[in-house]
>>> print(open('input.tsv').read())   # TSV, C-alpha atoms and all ligand atoms
chain	number	residue	atom	x	y	z
A	1	MET	CA	-0.90	7.75	9.02
A	2	ARG	CA	0.87	10.76	10.51
A	3	ALA	CA	0.18	9.93	14.15
A	4	ARG	CA	3.57	9.32	15.65
A	5	PRO	CA	4.68	7.27	18.62
A	6	LEU	CA	6.90	9.05	21.15
A	7	SER	CA	10.12	7.56	19.78
A	8	GLY	CA	9.19	8.70	16.28
A	9	MET	CA	8.38	12.18	17.56
A	10	LEU	CA	11.75	12.38	19.30
A	11	LEU	CA	13.55	11.25	16.16
A	12	SER	CA	11.68	13.66	13.92
A	13	SER	CA	12.22	16.47	16.43
A	14	LEU	CA	15.94	15.77	16.31
A	15	ALA	CA	15.86	15.67	12.52
A	16	ALA	CA	13.97	18.97	12.40
A	17	LEU	CA	16.53	20.51	14.74
A	18	VAL	CA	19.36	19.32	12.51
A	19	LEU	CA	17.65	20.86	9.48
A	20	LEU	CA	17.03	24.10	11.36
A	21	LEU	CA	20.68	24.33	12.29
A	22	ALA	CA	21.60	23.60	8.69
A	23	GLY	CA	19.37	26.46	7.54
A	24	ALA	CA	16.81	24.18	5.89
A	25	CYS	CA	13.03	24.27	6.28
A	26	PRO	CA	12.21	23.65	9.94
A	27	ALA	CA	8.66	22.54	9.13
A	28	TRP	CA	9.79	19.12	7.93
A	29	ALA	CA	7.89	16.30	9.57
A	30	ALA	CA	8.89	12.69	9.14
A	31	PHE	CA	6.57	10.04	7.79
A	32	SER	CA	5.67	7.48	10.42
A	33	LEU	CA	4.72	3.83	10.63
A	34	PRO	CA	0.95	3.53	11.15
A	35	PRO	CA	0.02	0.98	13.81
A	36	LEU	CA	-1.76	-2.18	12.66
A	37	PRO	CA	-5.53	-1.62	13.01
A	38	TYR	CA	-5.79	-5.05	14.74
A	39	SER	CA	-3.46	-7.35	16.64
A	40	ALA	CA	-0.77	-9.33	14.79
A	41	GLU	CA	-2.64	-12.59	15.42
A	42	ALA	CA	-6.06	-11.22	14.39
A	43	LEU	CA	-5.77	-12.46	10.80
A	44	GLU	CA	-5.01	-16.07	11.73
A	45	PRO	CA	-5.31	-18.69	10.39
A	46	VAL	CA	-5.04	-16.98	6.98
A	47	ILE	CA	-1.96	-14.91	7.86
A	48	ASP	CA	0.05	-16.03	10.89
A	49	ALA	CA	1.08	-13.65	13.68
A	50	THR	CA	4.81	-14.03	13.03
A	51	THR	CA	4.42	-13.05	9.39
A	52	MET	CA	2.28	-10.06	10.35
A	53	ALA	CA	4.71	-8.87	13.03
A	54	LEU	CA	7.76	-9.18	10.78
A	55	HIS	CA	5.94	-7.67	7.82
A	56	HIS	CA	4.72	-4.62	9.73
A	57	ASP	CA	7.42	-4.07	12.37
A	58	ARG	CA	10.44	-4.83	10.16
A	59	HIS	CA	9.59	-4.56	6.46
A	60	HIS	CA	7.16	-1.65	6.55
A	61	ALA	CA	9.20	0.13	9.24
A	62	ALA	CA	12.29	-0.10	7.03
A	63	TYR	CA	10.47	1.53	4.09
A	64	VAL	CA	9.41	4.40	6.35
A	65	ALA	CA	12.92	4.89	7.78
A	66	ASN	CA	14.54	4.76	4.35
A	67	LEU	CA	11.97	7.15	2.88
A	68	ASN	CA	12.58	9.63	5.69
A	69	ALA	CA	16.32	9.44	5.10
A	70	GLN	CA	15.77	10.45	1.45
A	71	ILE	CA	13.17	13.12	2.21
A	72	ALA	CA	15.32	14.75	4.90
A	73	ALA	CA	17.93	15.60	2.29
A	74	ASP	CA	15.46	17.31	-0.06
A	75	PRO	CA	13.18	20.05	1.35
A	76	ALA	CA	11.11	20.12	-1.87
A	77	LEU	CA	10.18	16.47	-1.45
A	78	ALA	CA	9.46	17.00	2.23
A	79	GLU	CA	6.59	19.33	1.36
A	80	LEU	CA	4.67	16.55	-0.42
A	81	SER	CA	2.08	14.32	1.19
A	82	LEU	CA	2.57	10.57	0.80
A	83	ASP	CA	-0.24	10.48	-1.80
A	84	ALA	CA	1.21	13.41	-3.73
A	85	LEU	CA	4.64	11.83	-3.70
A	86	GLN	CA	3.34	8.73	-5.57
A	87	GLY	CA	1.95	10.83	-8.42
A	88	GLN	CA	5.20	12.80	-8.82
A	89	ILE	CA	7.79	10.03	-8.75
A	90	GLY	CA	8.65	10.81	-12.35
A	91	ARG	CA	9.69	14.32	-11.30
A	92	VAL	CA	11.87	13.29	-8.36
A	93	PRO	CA	15.56	14.02	-9.07
A	94	ALA	CA	17.12	11.03	-10.83
A	95	ALA	CA	19.78	10.55	-8.16
A	96	VAL	CA	17.19	9.65	-5.51
A	97	ARG	CA	14.23	8.58	-7.70
A	98	ASP	CA	14.61	4.82	-7.25
A	99	ALA	CA	15.06	5.15	-3.49
A	100	VAL	CA	11.97	7.36	-3.16
A	101	ARG	CA	10.00	5.15	-5.56
A	102	ASN	CA	10.83	1.94	-3.69
A	103	ASN	CA	10.50	3.27	-0.15
A	104	GLY	CA	7.69	5.77	-0.72
A	105	GLY	CA	5.82	3.11	-2.68
A	106	GLY	CA	6.52	0.60	0.05
A	107	HIS	CA	5.11	2.96	2.67
A	108	TRP	CA	1.98	3.79	0.64
A	109	ASN	CA	1.33	0.19	-0.43
A	110	HIS	CA	1.65	-1.33	3.03
A	111	SER	CA	-0.41	1.42	4.67
A	112	GLN	CA	-3.30	0.55	2.34
A	113	PHE	CA	-2.68	-3.21	2.75
A	114	TRP	CA	-3.27	-3.18	6.53
A	115	ALA	CA	-6.40	-1.06	6.02
A	116	VAL	CA	-8.03	-3.29	3.39
A	117	MET	CA	-7.81	-6.34	5.63
A	118	ALA	CA	-9.91	-7.30	8.65
A	119	PRO	CA	-10.16	-10.38	10.87
A	120	PRO	CA	-11.92	-13.26	9.07
A	121	GLY	CA	-15.66	-12.65	8.81
A	122	GLN	CA	-15.48	-9.00	9.91
A	123	GLY	CA	-14.91	-7.28	6.57
A	124	GLY	CA	-18.53	-7.00	5.47
A	125	GLU	CA	-19.63	-7.10	1.83
A	126	PRO	CA	-19.24	-4.94	-1.28
A	127	SER	CA	-21.74	-2.07	-1.24
A	128	ALA	CA	-24.57	-2.10	-3.79
A	129	GLU	CA	-22.80	0.72	-5.66
A	130	LEU	CA	-19.46	-1.07	-5.75
A	131	LEU	CA	-21.07	-4.37	-6.75
A	132	ALA	CA	-22.88	-2.66	-9.61
A	133	ALA	CA	-19.60	-1.15	-10.84
A	134	ILE	CA	-17.86	-4.54	-10.58
A	135	GLU	CA	-20.65	-6.19	-12.57
A	136	THR	CA	-20.49	-3.49	-15.24
A	137	SER	CA	-16.71	-3.85	-15.65
A	138	PHE	CA	-16.23	-7.59	-15.13
A	139	GLY	CA	-19.63	-9.28	-15.42
A	140	SER	CA	-19.66	-10.57	-11.84
A	141	LEU	CA	-17.82	-10.43	-8.51
A	142	GLU	CA	-16.48	-13.92	-9.18
A	143	ALA	CA	-15.14	-12.90	-12.59
A	144	MET	CA	-13.37	-9.91	-11.02
A	145	GLN	CA	-11.83	-12.17	-8.37
A	146	THR	CA	-10.68	-14.67	-10.99
A	147	GLN	CA	-8.96	-11.91	-12.96
A	148	PHE	CA	-7.42	-10.48	-9.76
A	149	ASN	CA	-6.15	-13.94	-8.77
A	150	GLN	CA	-4.56	-14.42	-12.17
A	151	ALA	CA	-2.80	-11.04	-11.91
A	152	ALA	CA	-1.57	-11.86	-8.39
A	153	ALA	CA	-0.38	-15.37	-9.24
A	154	GLY	CA	1.11	-14.26	-12.56
A	155	ARG	CA	3.21	-11.38	-11.19
A	156	PHE	CA	6.75	-12.70	-11.74
A	157	GLY	CA	8.94	-12.09	-8.71
A	158	SER	CA	7.80	-9.47	-6.20
A	159	GLY	CA	4.92	-7.05	-6.53
A	160	TRP	CA	1.25	-6.31	-6.06
A	161	ALA	CA	-2.15	-7.05	-7.62
A	162	TRP	CA	-4.72	-4.24	-7.69
A	163	LEU	CA	-8.37	-3.47	-8.27
A	164	ILE	CA	-8.38	0.11	-9.52
A	165	ARG	CA	-10.85	2.74	-10.65
A	166	LYS	CA	-9.58	4.23	-13.88
A	167	PRO	CA	-9.86	7.92	-14.78
A	168	ASN	CA	-12.81	7.07	-17.09
A	169	GLY	CA	-14.69	5.62	-14.11
A	170	SER	CA	-14.47	1.95	-15.04
A	171	LEU	CA	-12.84	-0.65	-12.79
A	172	ALA	CA	-9.84	-2.72	-13.86
A	173	ILE	CA	-7.36	-5.29	-12.55
A	174	THR	CA	-3.68	-4.50	-12.82
A	175	SER	CA	-0.39	-5.56	-11.30
A	176	THR	CA	2.80	-3.71	-10.45
A	177	ALA	CA	6.37	-4.85	-9.83
A	178	ASN	CA	8.31	-4.35	-6.60
A	179	GLN	CA	6.77	-1.43	-4.63
A	180	ASP	CA	5.28	0.41	-7.60
A	181	ASN	CA	1.58	1.26	-7.48
A	182	PRO	CA	-1.14	2.58	-9.83
A	183	LEU	CA	-0.75	6.16	-8.55
A	184	MET	CA	2.76	6.49	-9.94
A	185	ASP	CA	3.42	8.61	-13.02
A	186	LEU	CA	5.80	6.07	-14.52
A	187	ARG	CA	5.89	4.40	-17.90
A	188	GLY	CA	4.36	0.94	-17.99
A	189	ILE	CA	2.01	1.54	-15.06
A	190	GLU	CA	-1.75	1.42	-15.66
A	191	ARG	CA	-2.88	4.39	-13.59
A	192	GLY	CA	-5.99	4.65	-11.48
A	193	ALA	CA	-7.23	5.00	-7.93
A	194	PRO	CA	-6.34	1.83	-5.99
A	195	LEU	CA	-9.38	0.28	-4.28
A	196	LEU	CA	-7.78	-2.98	-3.16
A	197	GLY	CA	-4.14	-4.09	-3.29
A	198	LEU	CA	-2.61	-7.47	-2.43
A	199	ASP	CA	1.05	-7.92	-1.51
A	200	VAL	CA	2.49	-10.96	-3.31
A	201	TRP	CA	6.09	-10.52	-2.15
A	202	GLU	CA	7.30	-13.79	-0.61
A	203	HIS	CA	7.75	-12.01	2.74
A	204	ALA	CA	3.95	-11.66	2.84
A	205	TYR	CA	3.23	-15.40	2.85
A	206	TYR	CA	6.31	-17.64	2.75
A	207	LEU	CA	6.45	-18.75	6.41
A	208	HIS	CA	3.00	-20.32	6.20
A	209	TYR	CA	2.43	-21.02	2.50
A	210	GLN	CA	6.04	-21.52	1.27
A	211	ASN	CA	5.87	-21.54	-2.54
A	212	ARG	CA	2.08	-21.96	-2.67
A	213	ARG	CA	1.23	-18.39	-3.66
A	214	PRO	CA	-2.16	-19.29	-5.25
A	215	GLU	CA	-3.26	-20.86	-1.93
A	216	TYR	CA	-2.39	-17.62	-0.08
A	217	ILE	CA	-4.28	-15.56	-2.67
A	218	ALA	CA	-7.41	-17.73	-2.46
A	219	ALA	CA	-7.42	-17.69	1.36
A	220	TRP	CA	-6.78	-13.92	1.49
A	221	TRP	CA	-10.24	-13.06	0.13
A	222	SER	CA	-11.73	-14.02	3.50
A	223	LEU	CA	-9.74	-11.13	5.03
A	224	VAL	CA	-10.84	-8.40	2.65
A	225	ASN	CA	-12.25	-5.40	4.50
A	226	TRP	CA	-15.02	-4.52	2.06
A	227	GLN	CA	-16.09	-1.62	4.28
A	228	GLU	CA	-12.74	0.04	3.52
A	229	VAL	CA	-12.92	-0.88	-0.19
A	230	ASN	CA	-16.44	0.62	-0.31
A	231	ARG	CA	-15.11	3.79	1.32
A	232	ARG	CA	-12.27	4.05	-1.20
A	233	PHE	CA	-14.68	3.49	-4.10
A	234	ALA	CA	-17.06	6.17	-2.82
A	235	ALA	CA	-14.14	8.58	-2.40
A	236	THR	CA	-13.11	8.20	-6.06
A	237	ARG	CA	-16.51	9.15	-7.47
A	238	ALA	CA	-16.94	12.57	-8.96
A	301	MN3	MN	5.21	-6.42	1.91
>>> encode(input="input.tsv", output="structure tokens", more="lines below")
Ligand code: MN3
Amino acid sequence: MRARPLSGMLLSSLAALVLLLAGACPAWAAFSLPPLPYSAEALEPVIDATTMALHHDRHHAAYVANLNAQIAADPALAELSLDALQGQIGRVPAAVRDAVRNNGGGHWNHSQFWAVMAPPGQGGEPSAELLAAIETSFGSLEAMQTQFNQAAAGRFGSGWAWLIRKPNGSLAITSTANQDNPLMDLRGIERGAPLLGLDVWEHAYYLHYQNRRPEYIAAWWSLVNWQEVNRRFAATRA
């Protein structure tokens, strides 16, 4: 997530130089856009190449650039990792809180989104441990998916649907508005470790599915990278 292309390194080097000249912390390093872990056309026919390219190269890139613009002005924020930033949104100065929330959330959410998808048929299956936890919390994998689909289809406007592991260890389905996520310390958010998050902003599906969001959600399951979801589940266990 912090590997930077040459252009990004040049930009962040320039930014660091500016901060150094201004007397600020010279250790500041910009966040960077992670490359897609597959080609833009790899998720076809479920998600078309044009949608993937625009979504990653324009939308996600804009969140990263806007986040860096906010972080550069506040050395205290610049010391936080992207994960840490999510959990401390409530403590970000009010003047920049919404900008950091929207752009930092956008960067975190999309970084996980690319990782929890794989080309059709290549994502594997839920591990025995994850499946057991799903059955304990929901009754069955199908019941979990039905609840997830309802959260994704029912999110009014733009946002995300999530499978999370709650602090008590159980799994739950939740949904967040805009670029919020379950790591954020904000009122109204059901908190937990995100295992799987689906983008239901129109920019994620409109070119191919137009207004048929439920069709996009149903087709998306064939892209889920269960190997990554398994890894995230294992990482949340005490
Ligand atoms: Mn998006």
>>> closest_atom_pairs(input="input.tsv", of="chain A", to="ligand MN3 301 (chain A)", cutoff="6 Å", atoms="only C-alpha atoms and all ligand atoms", output="JSON lines")
{"residue": "A:Asp199", "atom": "CA", "partner": "A:MN3_301", "partner_atom": "MN", "distance": 5.6}
{"residue": "A:Trp201", "atom": "CA", "partner": "A:MN3_301", "partner_atom": "MN", "distance": 5.8}
{"residue": "A:Ala204", "atom": "CA", "partner": "A:MN3_301", "partner_atom": "MN", "distance": 5.5}
>>> residues_around(input="input.tsv", residues="A:Ala42", least_positions_apart="6", cutoff="9 Å", atoms="only C-alpha atoms", output="MDAnalysis selection string")
chainID A and resid 48:49 118:120
>>> closest_residue(input="input.tsv", among="A:Ile47, A:Leu207, A:Ala133, A:Ala153", to="A:Lys166", atoms="all atoms listed in the file")
A:Ala133
>>> closest_residue(input="input.tsv", among="A:Leu82, A:Ala30, A:Ala152, A:Ala53", to="A:Gln112", atoms="all atoms listed in the file")
A:Leu82
>>> residues_near_point(input="input.tsv", point="(-6.9, -6.6, -5.0)", cutoff="7 Å", atoms="all atoms listed in the file", output="list in words")
Phe148, Ala161, Trp162, Leu163, Leu196, Gly197 and Leu198 of chain A
>>> residues_near_point(input="input.tsv", point="(-6.4, 8.8, -5.6)", cutoff="8 Å", atoms="only C-alpha atoms", output="list in words")
Asp83, Leu183, Gly192, Ala193, Pro194 and Thr236 of chain A
>>> closest_residue(input="input.tsv", among="A:Asp185, A:Pro45, A:Gln70, A:Arg165", to="A:Ala84", atoms="all atoms listed in the file")
A:Asp185
>>> residues_around(input="input.tsv", residues="A:Glu142", least_positions_apart="6", cutoff="12 Å", atoms="all atoms listed in the file", output="ChimeraX atom specification")
/A:131,134-135,148-149,218,221
>>> write_last_selection(input="input.tsv", atoms="C-alpha atoms", output="short mmCIF file (atom, residue, chain, number, x, y, z; two decimals), keeping the file's coordinate frame")
data_model
loop_
_atom_site.label_atom_id
_atom_site.label_comp_id
_atom_site.auth_asym_id
_atom_site.auth_seq_id
_atom_site.Cartn_x
_atom_site.Cartn_y
_atom_site.Cartn_z
CA LEU A 131 -21.07 -4.37 -6.75
CA ILE A 134 -17.86 -4.54 -10.58
CA GLU A 135 -20.65 -6.19 -12.57
CA PHE A 148 -7.42 -10.48 -9.76
CA ASN A 149 -6.15 -13.94 -8.77
CA ALA A 218 -7.41 -17.73 -2.46
CA TRP A 221 -10.24 -13.06 0.13
#
>>> closest_residue(input="input.tsv", among="A:Ala132, A:Val200, A:Ala62, A:Leu141", to="A:Gly159", atoms="all atoms listed in the file")
A:Val200
>>> atom_distance(input="input.tsv", atom1="atom CA of A:His59", atom2="atom CA of A:Ala40")
14.1 Å
>>> closest_residue(input="input.tsv", among="A:Asp57, A:Trp114, A:Glu125, A:Pro75", to="A:Pro37", atoms="all atoms listed in the file")
A:Trp114
>>> residues_around(input="input.tsv", residues="stretch 99-104 of chain A", least_positions_apart="2", cutoff="9 Å", atoms="only C-alpha atoms", output="PyMOL selection string")
chain A and resi 60+62-68+70-71+82+85-86+89-90+92+95-97+106-109+178-180+184
>>> atom_distance(input="input.tsv", atom1="atom CA of A:Leu195", atom2="atom CA of A:Phe233")
6.2 Å
>>> atom_distance(input="input.tsv", atom1="atom CA of A:Leu54", atom2="atom CA of A:Leu36")
12.0 Å
>>> residues_around(input="input.tsv", residues="A:His208", least_positions_apart="4", cutoff="12 Å", atoms="all atoms listed in the file", output="ChimeraX atom specification")
/A:44-52,202-204,212-213,215-216,219
>>> closest_residue(input="input.tsv", among="A:Phe138, A:Trp220, A:Tyr38, A:Phe113", to="A:Tyr205", atoms="all atoms listed in the file")
A:Trp220
